[in-house]
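Data from start-v7.txt: compact mmCIF, C-alpha atoms
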# COMPACT_ATOMS: atom_id res chain seq x y z
CA MET A 186 -7.97 -46.63 36.95
CA ILE A 187 -9.76 -48.70 34.35
CA SER A 188 -7.76 -51.47 32.74
CA VAL A 189 -8.34 -54.76 30.98
CA GLU A 190 -6.26 -57.78 30.10
CA LYS A 191 -6.74 -59.28 26.65
CA THR A 192 -5.27 -62.07 24.56
CA GLY A 193 -4.89 -62.38 20.81
CA LYS A 194 -2.87 -64.15 18.14
CA THR A 195 -0.47 -61.22 18.06
CA VAL A 196 0.24 -58.34 20.42
CA ASP A 197 -1.56 -55.98 18.03
CA ASP A 198 -4.64 -58.19 17.98
CA ALA A 199 -4.73 -58.26 21.76
CA ILE A 200 -4.33 -54.47 21.97
CA LEU A 201 -7.09 -53.96 19.44
CA ALA A 202 -9.44 -56.21 21.41
CA ALA A 203 -8.71 -54.21 24.56
CA LEU A 204 -9.24 -50.85 22.82
CA ILE A 205 -12.59 -52.03 21.49
CA GLU A 206 -13.70 -53.20 24.93
CA LEU A 207 -12.54 -49.96 26.61
CA ASP A 208 -13.87 -47.85 23.76
CA VAL A 209 -10.84 -45.54 23.70
CA ASP A 210 -8.09 -44.47 21.28
CA ARG A 211 -4.60 -45.86 21.42
CA ASP A 212 -3.27 -42.40 22.37
CA ASN A 213 -5.21 -42.46 25.62
CA VAL A 214 -3.93 -45.71 27.04
CA GLU A 215 -0.84 -47.29 28.51
CA ILE A 216 0.03 -50.72 27.17
CA GLU A 217 1.90 -53.42 29.00
CA VAL A 218 2.83 -56.54 27.08
CA ILE A 219 2.60 -59.48 29.46
CA GLU A 220 3.24 -62.20 26.92
CA GLU A 221 4.61 -61.89 23.38
CA GLY A 222 2.62 -64.32 21.28
CA SER A 223 4.39 -67.13 19.50
CA LYS A 224 3.26 -68.92 16.39
CA GLY A 225 4.95 -72.11 17.52
CA PHE A 226 6.40 -74.60 15.11
CA LEU A 227 4.60 -74.43 11.76
CA GLY A 228 1.72 -72.89 13.65
CA LEU A 229 0.98 -76.26 15.13
CA VAL A 230 3.09 -77.00 18.16
CA GLY A 231 3.76 -74.67 21.09
CA SER A 232 1.77 -71.70 19.83
CA ARG A 233 1.05 -69.13 22.52
CA LEU A 234 -1.41 -66.29 22.56
CA ALA A 235 -0.15 -62.75 23.09
CA ARG A 236 -1.40 -61.17 26.31
CA VAL A 237 -1.51 -57.45 27.07
CA ARG A 238 -2.78 -55.20 29.82
CA VAL A 239 -4.24 -51.93 28.58
CA THR A 240 -4.90 -49.13 31.05
CA VAL A 241 -6.80 -45.93 30.33
CA LYS A 242 -4.66 -42.88 31.12
CA PRO A 243 -6.34 -40.41 33.46
CA SER A 244 -7.64 -37.42 31.53
CA ARG A 245 -6.75 -33.88 32.53
CA VAL A 246 -10.16 -33.50 34.08
CA ASP A 247 -9.54 -36.68 36.11
CA LYS A 248 -6.22 -35.23 37.25
CA ALA A 249 -7.80 -31.92 38.22
CA ARG A 250 -10.48 -33.65 40.21
CA ALA A 251 -8.08 -36.06 41.92
CA PHE A 252 -5.79 -33.17 42.90
CA LEU A 253 -8.63 -31.10 44.32
CA GLU A 254 -10.18 -34.02 46.20
CA ARG A 255 -6.88 -34.84 47.88
CA VAL A 256 -6.19 -31.23 48.86
CA ILE A 257 -9.69 -30.90 50.33
CA GLU A 258 -9.10 -34.10 52.28
CA LEU A 259 -5.74 -32.84 53.57
CA LEU A 260 -7.43 -29.60 54.62
CA GLY A 261 -9.72 -31.73 56.77
CA VAL A 262 -12.89 -30.64 54.97
CA GLU A 263 -15.64 -33.10 54.15
CA ALA A 264 -16.83 -32.39 50.65
CA THR A 265 -17.38 -34.01 47.28
CA VAL A 266 -16.48 -32.70 43.83
CA ASP A 267 -18.87 -32.67 40.88
CA VAL A 268 -17.61 -32.07 37.35
CA GLU A 269 -19.58 -29.98 34.91
CA GLN A 270 -18.56 -28.85 31.43
CA GLN A 271 -19.47 -25.24 30.62
CA GLY A 272 -18.26 -24.36 27.15
CA GLU A 273 -14.48 -24.21 27.18
CA TYR A 274 -14.37 -24.41 30.97
CA THR A 275 -14.54 -27.40 33.27
CA VAL A 276 -16.33 -26.38 36.44
CA LEU A 277 -15.45 -28.34 39.56
CA GLN A 278 -18.31 -27.81 41.94
CA ILE A 279 -17.37 -28.47 45.57
CA GLU A 280 -20.36 -29.74 47.54
CA GLY A 281 -20.48 -29.90 51.31
CA ASN A 282 -21.13 -27.97 54.48
CA HIS A 283 -18.98 -25.26 56.02
CA LEU A 284 -16.91 -24.62 52.91
CA GLY A 285 -15.96 -21.13 54.05
CA ILE A 286 -12.42 -22.32 54.72
CA LEU A 287 -12.10 -23.32 51.04
CA ILE A 288 -13.41 -19.96 49.86
CA GLY A 289 -11.52 -17.57 52.12
CA ARG A 290 -11.76 -13.84 52.29
CA ARG A 291 -13.13 -12.50 48.98
CA GLY A 292 -12.56 -15.95 47.48
CA GLU A 293 -8.81 -15.74 47.97
CA THR A 294 -8.43 -19.41 48.95
CA LEU A 295 -10.77 -20.60 46.20
CA ASP A 296 -8.77 -18.64 43.62
CA ALA A 297 -5.50 -20.08 44.94
CA LEU A 298 -6.92 -23.62 44.83
CA GLN A 299 -8.22 -22.98 41.34
CA TYR A 300 -4.85 -21.77 40.11
CA LEU A 301 -3.03 -24.77 41.62
CA THR A 302 -5.62 -27.22 40.25
CA ASN A 303 -5.11 -25.81 36.74
CA LEU A 304 -1.34 -26.19 37.08
CA ALA A 305 -1.56 -29.73 38.45
CA ALA A 306 -3.98 -30.87 35.73
CA ASN A 307 -1.84 -29.41 32.94
CA ARG A 308 1.55 -30.26 34.43
CA ASP A 309 2.83 -32.38 31.56
CA LYS A 310 3.83 -30.16 28.69
CA THR A 311 1.53 -30.51 25.74
CA ASP A 312 0.07 -28.09 23.27
CA GLN A 313 -2.33 -25.46 24.51
CA ALA A 314 -5.28 -27.06 22.73
CA GLU A 315 -5.21 -30.00 25.10
CA ARG A 316 -5.13 -27.91 28.23
CA VAL A 317 -8.10 -28.07 30.52
CA ARG A 318 -9.36 -24.79 31.96
CA VAL A 319 -10.73 -25.38 35.40
CA ILE A 320 -13.01 -23.15 37.42
CA LEU A 321 -13.71 -24.01 41.04
CA ASP A 322 -16.89 -23.12 42.81
CA ALA A 323 -18.20 -23.79 46.29
CA GLU A 324 -21.55 -22.93 47.81
CA GLY A 325 -22.46 -20.96 44.66
CA TYR A 326 -19.73 -18.46 45.53
CA ARG A 327 -18.82 -17.58 41.93
CA LYS A 328 -22.41 -16.84 40.99
CA ARG A 329 -22.95 -14.67 44.05
CA ARG A 330 -19.68 -12.88 43.48
CA GLU A 331 -20.61 -12.29 39.84
CA ASN A 332 -23.86 -10.60 40.92
CA THR A 333 -22.04 -8.52 43.52
CA LEU A 334 -19.46 -7.39 40.95
CA ARG A 335 -22.07 -6.56 38.34
CA ASN A 336 -24.03 -4.44 40.83
CA LEU A 337 -20.84 -2.75 41.94
CA ALA A 338 -20.03 -1.97 38.29
CA TYR A 339 -23.46 -0.40 37.69
CA ARG A 340 -23.29 1.65 40.90
CA LEU A 341 -19.81 2.95 40.21
CA ALA A 342 -20.68 3.74 36.59
CA GLU A 343 -23.57 5.93 37.78
CA LYS A 344 -21.28 7.72 40.18
CA VAL A 345 -18.64 8.23 37.46
CA LYS A 346 -21.29 9.75 35.17
CA ARG A 347 -22.65 12.01 37.89
CA GLU A 348 -19.25 13.30 38.91
CA LYS A 349 -17.74 13.17 35.39
CA ARG A 350 -14.53 11.48 36.55
CA ARG A 351 -12.95 8.05 36.81
CA ALA A 352 -13.06 5.36 39.46
CA ALA A 353 -10.58 2.51 40.04
CA LEU A 354 -11.80 -0.74 41.52
CA GLU A 355 -9.83 -2.95 43.85
CA PRO A 356 -7.41 -5.48 42.26
CA MET A 357 -9.17 -8.54 40.84
CA SER A 358 -8.44 -11.75 38.98
CA PRO A 359 -8.74 -11.71 35.16
CA LEU A 360 -12.06 -13.55 35.32
CA GLU A 361 -13.51 -11.01 37.76
CA ARG A 362 -12.25 -8.09 35.72
CA ARG A 363 -13.97 -9.52 32.71
CA ILE A 364 -17.28 -9.51 34.60
CA ILE A 365 -16.90 -5.74 35.14
CA HIS A 366 -15.90 -5.04 31.53
CA THR A 367 -18.82 -7.11 30.23
CA ALA A 368 -21.31 -5.49 32.59
CA LEU A 369 -20.49 -2.04 31.23
CA GLN A 370 -19.68 -2.77 27.59
CA ASP A 371 -23.02 -1.39 26.36
CA ASP A 372 -22.90 1.74 28.49
CA GLU A 373 -21.85 4.46 26.05
CA SER A 374 -21.07 7.17 28.55
CA VAL A 375 -18.30 5.25 30.27
CA GLU A 376 -15.32 3.19 29.18
CA THR A 377 -13.50 0.50 31.13
CA TYR A 378 -9.89 -0.61 30.98
CA SER A 379 -7.43 -2.42 33.21
CA GLU A 380 -4.26 -0.96 34.64
CA GLY A 381 -1.37 -2.14 36.80
CA GLU A 382 0.48 -5.42 36.95
CA GLU A 383 -0.79 -8.78 38.22
CA PRO A 384 -1.75 -9.55 40.92
CA PHE A 385 -2.65 -5.88 41.51
CA ARG A 386 -4.23 -5.32 38.12
CA ARG A 387 -7.49 -3.40 38.47
CA VAL A 388 -10.36 -2.13 36.37
CA VAL A 389 -10.88 1.58 35.86
CA ILE A 390 -14.26 3.01 34.91
CA ALA A 391 -13.84 6.38 33.18
CA TYR A 392 -16.32 9.06 32.03
CA LYS A 393 -16.59 9.38 28.27
CA GLY A 394 -19.24 12.08 28.06
CA MET B 173 -0.09 -29.83 57.13
CA LYS B 174 3.37 -31.01 56.12
CA GLU B 175 1.62 -33.58 53.95
CA LEU B 176 -0.43 -30.83 52.32
CA VAL B 177 2.64 -28.81 51.34
CA GLU B 178 4.31 -31.97 50.09
CA PHE B 179 1.32 -33.11 48.05
CA ILE B 180 0.80 -29.75 46.37
CA ALA B 181 4.50 -29.41 45.54
CA LYS B 182 4.71 -32.96 44.16
CA SER B 183 1.69 -32.31 41.96
CA LEU B 184 3.37 -29.32 40.32
CA VAL B 185 6.97 -30.39 39.70
CA GLU B 186 8.63 -32.63 37.17
CA HIS B 187 10.69 -34.47 39.77
CA PRO B 188 8.29 -35.33 42.63
CA ASP B 189 10.90 -37.66 44.18
CA GLU B 190 13.07 -34.67 44.95
CA VAL B 191 10.46 -32.78 46.93
CA ARG B 192 11.44 -32.38 50.58
CA VAL B 193 9.47 -30.61 53.28
CA THR B 194 10.93 -29.90 56.69
CA GLU B 195 8.73 -28.80 59.56
CA ILE B 196 10.22 -26.37 62.04
CA ASP B 197 8.07 -25.91 65.12
CA HIS B 198 8.89 -22.62 66.84
CA GLY B 199 6.42 -23.33 69.65
CA GLY B 200 3.24 -21.47 70.49
CA GLY B 201 1.56 -22.68 67.32
CA VAL B 202 4.12 -21.00 65.08
CA VAL B 203 5.43 -23.35 62.41
CA THR B 204 7.64 -22.95 59.36
CA TYR B 205 7.64 -25.39 56.46
CA GLU B 206 10.79 -25.43 54.40
CA LEU B 207 10.12 -26.66 50.90
CA ARG B 208 12.97 -27.97 48.79
CA VAL B 209 12.64 -29.08 45.18
CA ALA B 210 15.01 -29.98 42.34
CA GLU B 211 16.89 -26.94 41.02
CA SER B 212 15.11 -27.24 37.66
CA ASP B 213 11.71 -27.28 39.40
CA MET B 214 12.18 -24.05 41.35
CA GLY B 215 10.21 -22.11 38.77
CA LYS B 216 7.33 -24.55 39.09
CA VAL B 217 6.79 -23.85 42.78
CA ILE B 218 7.55 -20.14 42.62
CA GLY B 219 5.97 -19.12 39.34
CA ARG B 220 6.01 -15.84 37.50
CA GLN B 221 6.22 -13.03 40.04
CA GLY B 222 5.84 -15.64 42.77
CA ARG B 223 2.28 -16.43 41.83
CA VAL B 224 2.53 -20.19 42.52
CA ALA B 225 4.31 -19.65 45.84
CA ARG B 226 1.60 -17.18 46.82
CA ALA B 227 -1.15 -19.69 45.95
CA ILE B 228 0.55 -22.46 47.96
CA ARG B 229 0.89 -20.12 50.96
CA SER B 230 -2.73 -19.08 50.65
CA VAL B 231 -3.99 -22.68 50.80
CA VAL B 232 -1.65 -23.61 53.65
CA LYS B 233 -2.76 -20.51 55.53
CA ALA B 234 -6.37 -21.69 55.24
CA ALA B 235 -5.39 -24.98 56.84
CA ALA B 236 -3.43 -23.18 59.56
CA THR B 237 -6.28 -20.84 60.45
CA ARG B 238 -8.44 -23.87 61.02
CA GLN B 239 -5.92 -25.32 63.47
CA HIS B 240 -5.29 -21.89 65.07
CA LYS B 241 -1.69 -21.93 63.97
CA LYS B 242 0.57 -19.38 62.37
CA VAL B 243 2.33 -20.98 59.47
CA THR B 244 4.87 -19.81 56.94
CA VAL B 245 6.16 -21.65 53.89
CA GLU B 246 9.71 -20.99 52.77
CA ILE B 247 11.04 -22.19 49.48
CA ARG B 248 14.72 -23.05 49.56

What is this file in structure tokens?
Amino acid sequence: MISVEKTGKTVDDAILAALIELDVDRDNVEIEVIEEGSKGFLGLVGSRLARVRVTVKPSRVDKARAFLERVIELLGVEATVDVEQQGEYTVLQIEGNHLGILIGRRGETLDALQYLTNLAANRDKTDQAERVRVILDAEGYRKRRENTLRNLAYRLAEKVKREKRRAALEPMSPLERRIIHTALQDDESVETYSEGEEPFRRVVIAYKG
Amino acid sequence: MKELVEFIAKSLVEHPDEVRVTEIDHGGGVVTYELRVAESDMGKVIGRQGRVARAIRSVVKAAATRQHKKVTVEIR
């Protein structure tokens, strides 16, 4: 954690000096007063400077990353975590070899890790606006999965049109369901909707004619 | 693996000091981890419809597979 110690005529002066050096807002730091300043007698004798230690609070992204790194370490996997901002999402890219254990069957482990990382990063209760939305990826799994799902959507839509009926997909996470909906949103002969309750909620592709 | 359960639980609850994990080795690579948290934190480790508990089990299972063990996590 980044922190600095600063002195000033008053506690506020010292804090201000620290905030300028750290280039952060007062809301994002923890302040420890080491020494209350004293003007001394008539400002001449026994005056003491105020001394504070100002520490930058870890951001939610820092927390997410720290959580993930520690879990990966405890799982005995050698990997590093890169942070990338993609719109409203923070993507934590796990880099390393043999990451299959972190992905699991159909990404089950990756999804579980992703869910827990989001909870850990947003543990302290604050308003929604400050929440960080984390997506985990490893070995380009999300991208590959997205392509697989899109192709599956197109194939099933063709089948639905041919047979003039409906087809239900296997249960998926909200993010994966969205990939299916988006893939078929411009196809006017089918409609898509979700049915069932989490975690068994699934997309249905239905013939519209 | 006990440390893994403990770390995850402590990262989710409001009272990390009250997280306790007990390892029960049944032999033959079969292990149960009993997770105890403060009463008020139960929801944090179980979640709506058990979603958090399921995620914890999923991650621990990944670790267990690697060590060729059969592991269950029970929340008390």

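The protein and nucleic acid residues lying at most 10 Å from Arg238 (chain B) are Leu260, Gly261 and Ile286 of chain A; Lys233, Ala234, Ala235 and Lys241 of chain B, with all atoms listed in the file considered and sequence neighbours fewer than 3 positions away removed.
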
Which chain A residues have any atom within 10 Å of an atom of chain B, and for each, what is the nearest pair of atoms with distance in Å to one decimal, counting only C-alpha atoms, rows sorted by chain and number, as JSON lines?
{"residue": "A:Lys248", "atom": "CA", "partner": "B:Ser183", "partner_atom": "CA", "distance": 9.7}
{"residue": "A:Phe252", "atom": "CA", "partner": "B:Ser183", "partner_atom": "CA", "distance": 7.6}
{"residue": "A:Leu253", "atom": "CA", "partner": "B:Ile180", "partner_atom": "CA", "distance": 9.7}
{"residue": "A:Arg255", "atom": "CA", "partner": "B:Phe179", "partner_atom": "CA", "distance": 8.4}
{"residue": "A:Val256", "atom": "CA", "partner": "B:Leu176", "partner_atom": "CA", "distance": 6.7}
{"residue": "A:Ile257", "atom": "CA", "partner": "B:Leu176", "partner_atom": "CA", "distance": 9.5}
{"residue": "A:Glu258", "atom": "CA", "partner": "B:Leu176", "partner_atom": "CA", "distance": 9.3}
{"residue": "A:Leu259", "atom": "CA", "partner": "B:Leu176", "partner_atom": "CA", "distance": 5.8}
{"residue": "A:Leu260", "atom": "CA", "partner": "B:Ala235", "partner_atom": "CA", "distance": 5.5}
{"residue": "A:Gly261", "atom": "CA", "partner": "B:Ala235", "partner_atom": "CA", "distance": 8.0}
{"residue": "A:Val262", "atom": "CA", "partner": "B:Ala235", "partner_atom": "CA", "distance": 9.6}
{"residue": "A:Gly285", "atom": "CA", "partner": "B:Ala234", "partner_atom": "CA", "distance": 9.7}
{"residue": "A:Ile286", "atom": "CA", "partner": "B:Ala234", "partner_atom": "CA", "distance": 6.1}
{"residue": "A:Leu287", "atom": "CA", "partner": "B:Ala234", "partner_atom": "CA", "distance": 7.3}
{"residue": "A:Ile288", "atom": "CA", "partner": "B:Ala234", "partner_atom": "CA", "distance": 9.0}
{"residue": "A:Gly289", "atom": "CA", "partner": "B:Ala234", "partner_atom": "CA", "distance": 7.3}
{"residue": "A:Arg290", "atom": "CA", "partner": "B:Ala234", "partner_atom": "CA", "distance": 10.0}
{"residue": "A:Glu293", "atom": "CA", "partner": "B:Ser230", "partner_atom": "CA", "distance": 7.4}
{"residue": "A:Thr294", "atom": "CA", "partner": "B:Val231", "partner_atom": "CA", "distance": 5.8}
{"residue": "A:Leu295", "atom": "CA", "partner": "B:Val231", "partner_atom": "CA", "distance": 8.5}
{"residue": "A:Asp296", "atom": "CA", "partner": "B:Ala227", "partner_atom": "CA", "distance": 8.0}
{"residue": "A:Ala297", "atom": "CA", "partner": "B:Ala227", "partner_atom": "CA", "distance": 4.5}
{"residue": "A:Leu298", "atom": "CA", "partner": "B:Val231", "partner_atom": "CA", "distance": 6.7}
{"residue": "A:Gln299", "atom": "CA", "partner": "B:Ala227", "partner_atom": "CA", "distance": 9.1}
{"residue": "A:Tyr300", "atom": "CA", "partner": "B:Ala227", "partner_atom": "CA", "distance": 7.2}
{"residue": "A:Leu301", "atom": "CA", "partner": "B:Ala227", "partner_atom": "CA", "distance": 6.9}
{"residue": "A:Thr302", "atom": "CA", "partner": "B:Ser183", "partner_atom": "CA", "distance": 9.1}
{"residue": "A:Asn303", "atom": "CA", "partner": "B:Leu184", "partner_atom": "CA", "distance": 9.9}
{"residue": "A:Leu304", "atom": "CA", "partner": "B:Leu184", "partner_atom": "CA", "distance": 6.5}
{"residue": "A:Ala305", "atom": "CA", "partner": "B:Leu184", "partner_atom": "CA", "distance": 5.3}
{"residue": "A:Ala306", "atom": "CA", "partner": "B:Ser183", "partner_atom": "CA", "distance": 8.5}
{"residue": "A:Asn307", "atom": "CA", "partner": "B:Leu184", "partner_atom": "CA", "distance": 9.0}
{"residue": "A:Arg308", "atom": "CA", "partner": "B:Leu184", "partner_atom": "CA", "distance": 6.2}
{"residue": "A:Asp309", "atom": "CA", "partner": "B:Glu186", "partner_atom": "CA", "distance": 8.1}
{"residue": "A:Glu383", "atom": "CA", "partner": "B:Gln221", "partner_atom": "CA", "distance": 8.4}
{"residue": "A:Pro384", "atom": "CA", "partner": "B:Arg223", "partner_atom": "CA", "distance": 8.0}

How many Å separate CA of Gly201 (chain B) from CA of Val243 (chain B)?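 Going from CA of Gly201 (chain B) over to CA of Val243 (chain B) covers 8.1 Å.
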
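The neighbours of Arg387 (chain A) here are the residues that come within 6 Å of it, using all atoms listed in the file and leaving out any residue fewer than 5 positions away in the same chain; they are A:Leu354, A:Glu355, A:Pro356, A:Met357, A:Ser379, A:Glu380.
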
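What separates CA of Leu277 (chain A) from CA of Arg250 (chain A) is a distance of 7.3 Å.
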
Kindly give the distance, in Å, that separates CA of Asp208 (chain A) and CA of Arg318 (chain A), rounded to a single decimal.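 CA of Arg318 (chain A) lies at a distance of 24.9 Å from CA of Asp208 (chain A).
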
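Excluding Asn332 (chain A) and any residue on its chain fewer than 6 positions from it, the residues at most 12 Å away by all atoms listed in the file are Gly325, Tyr326, Ala338, Tyr339, Glu361, Ile364, Ile365 and Ala368 of chain A.
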
Neighbouring residues of region 369-373 of chain A were defined as those with any atom within 12 Å, considering only C-alpha atoms; residues of the same chain fewer than 6 positions away were excluded. Please report them as an mmCIF file with C-alpha atoms, in the frame of the given file.
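Result file follows (around-v7.cif):
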data_model
loop_
_atom_site.group_PDB
_atom_site.id
_atom_site.type_symbol
_atom_site.label_atom_id
_atom_site.label_comp_id
_atom_site.auth_asym_id
_atom_site.auth_seq_id
_atom_site.Cartn_x
_atom_site.Cartn_y
_atom_site.Cartn_z
ATOM 1 C CA LEU A 334 -19.460 -7.390 40.950
ATOM 2 C CA ARG A 335 -22.070 -6.560 38.340
ATOM 3 C CA ASN A 336 -24.030 -4.440 40.830
ATOM 4 C CA LEU A 337 -20.840 -2.750 41.940
ATOM 5 C CA ALA A 338 -20.030 -1.970 38.290
ATOM 6 C CA TYR A 339 -23.460 -0.400 37.690
ATOM 7 C CA ARG A 340 -23.290 1.650 40.900
ATOM 8 C CA LEU A 341 -19.810 2.950 40.210
ATOM 9 C CA ALA A 342 -20.680 3.740 36.590
ATOM 10 C CA GLU A 343 -23.570 5.930 37.780
ATOM 11 C CA VAL A 345 -18.640 8.230 37.460
ATOM 12 C CA LYS A 346 -21.290 9.750 35.170
ATOM 13 C CA ARG A 362 -12.250 -8.090 35.720
ATOM 14 C CA ARG A 363 -13.970 -9.520 32.710
ATOM 15 C CA VAL A 388 -10.360 -2.130 36.370
ATOM 16 C CA VAL A 389 -10.880 1.580 35.860
ATOM 17 C CA ILE A 390 -14.260 3.010 34.910
ATOM 18 C CA ALA A 391 -13.840 6.380 33.180
ATOM 19 C CA TYR A 392 -16.320 9.060 32.030
ATOM 20 C CA LYS A 393 -16.590 9.380 28.270
ATOM 21 C CA GLY A 394 -19.240 12.080 28.060
#

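For the set B:His187, B:His198, B:His240, B:Arg192, the residue with the smallest atom-to-atom gap to Ser212 (chain B) is B:His187, counting all atoms listed in the file.
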
Out of A:Val319, A:Ala203, A:Val196, A:Val375, which residue has the shortest atom-to-atom distance to Lys349 (chain A) when counting only C-alpha atoms?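 Distance minimum relative to Lys349 (chain A) lands on A:Val375.
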
Smallest atom-to-atom distance to Val237 (chain A): which of A:Gly272, A:Gly381, A:Gly225, A:Gly193, using all atoms listed in the file? A:Gly193

Please identify all polymer residues lying at most 8 Å from the point (13.3, -21.6, 49.5) (file coordinates), using only C-alpha atoms, and present the result as a list in words.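 Collected hits near the coordinates: Glu206, Leu207, Arg208, Glu246, Ile247 and Arg248 of chain B.
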
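Distances to Val245 (chain B) were evaluated for B:Val209, B:Val203, B:Val191, B:Met214 using all atoms listed in the file, and the minimum falls at B:Val203.
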
Quick one: residues within 8 Å of Val276 (chain A), all atoms listed in the file counted, chain neighbours fewer than 4 positions away excluded, as a list in words? Val268, Glu269, Gln270, Gln271, Val319, Ile320, Leu321 and Asp322 of chain A

Written coordinates, N, CA, C and O atoms of region 270-283 of chain A as a short mmCIF file (atom, residue, chain, number, x, y, z; two decimals), in the first residue's frame:
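The result, stored in decode25.cif:
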data_model
loop_
_atom_site.label_atom_id
_atom_site.label_comp_id
_atom_site.auth_asym_id
_atom_site.auth_seq_id
_atom_site.Cartn_x
_atom_site.Cartn_y
_atom_site.Cartn_z
N GLN A 270 -9.66 -2.30 -18.45
CA GLN A 270 -10.99 -1.71 -18.31
C GLN A 270 -11.71 -1.80 -19.65
O GLN A 270 -11.17 -1.36 -20.66
N GLN A 271 -12.89 -2.41 -19.66
CA GLN A 271 -13.66 -2.50 -20.91
C GLN A 271 -15.04 -1.94 -20.64
O GLN A 271 -15.92 -2.64 -20.17
N GLY A 272 -15.21 -0.64 -20.93
CA GLY A 272 -16.48 0.00 -20.65
C GLY A 272 -16.78 -0.05 -19.17
O GLY A 272 -15.93 0.30 -18.35
N GLU A 273 -17.97 -0.55 -18.82
CA GLU A 273 -18.35 -0.59 -17.42
C GLU A 273 -17.75 -1.80 -16.69
O GLU A 273 -17.88 -1.94 -15.49
N TYR A 274 -17.08 -2.67 -17.43
CA TYR A 274 -16.52 -3.87 -16.81
C TYR A 274 -15.02 -3.78 -16.61
O TYR A 274 -14.30 -3.19 -17.41
N THR A 275 -14.56 -4.37 -15.51
CA THR A 275 -13.13 -4.53 -15.28
C THR A 275 -12.79 -5.98 -15.61
O THR A 275 -13.34 -6.89 -14.99
N VAL A 276 -11.96 -6.18 -16.60
CA VAL A 276 -11.61 -7.54 -16.98
C VAL A 276 -10.29 -7.93 -16.32
O VAL A 276 -9.29 -7.25 -16.49
N LEU A 277 -10.34 -8.99 -15.53
CA LEU A 277 -9.12 -9.53 -14.94
C LEU A 277 -8.69 -10.71 -15.81
O LEU A 277 -9.36 -11.74 -15.84
N GLN A 278 -7.59 -10.49 -16.50
CA GLN A 278 -7.09 -11.49 -17.43
C GLN A 278 -6.05 -12.34 -16.70
O GLN A 278 -5.05 -11.82 -16.24
N ILE A 279 -6.32 -13.64 -16.59
CA ILE A 279 -5.37 -14.52 -15.90
C ILE A 279 -4.41 -15.08 -16.94
O ILE A 279 -4.84 -15.68 -17.93
N GLU A 280 -3.12 -14.84 -16.73
CA GLU A 280 -2.11 -15.29 -17.69
C GLU A 280 -1.26 -16.37 -17.07
O GLU A 280 -0.76 -16.22 -15.96
N GLY A 281 -1.07 -17.45 -17.81
CA GLY A 281 -0.21 -18.53 -17.31
C GLY A 281 -0.41 -19.77 -18.14
O GLY A 281 -1.15 -19.76 -19.11
N ASN A 282 0.25 -20.84 -17.74
CA ASN A 282 0.09 -22.10 -18.45
C ASN A 282 -0.80 -23.04 -17.65
O ASN A 282 -0.89 -22.92 -16.44
N HIS A 283 -1.42 -23.97 -18.33
CA HIS A 283 -2.26 -24.97 -17.68
C HIS A 283 -3.30 -24.34 -16.78
O HIS A 283 -3.33 -24.57 -15.59
#
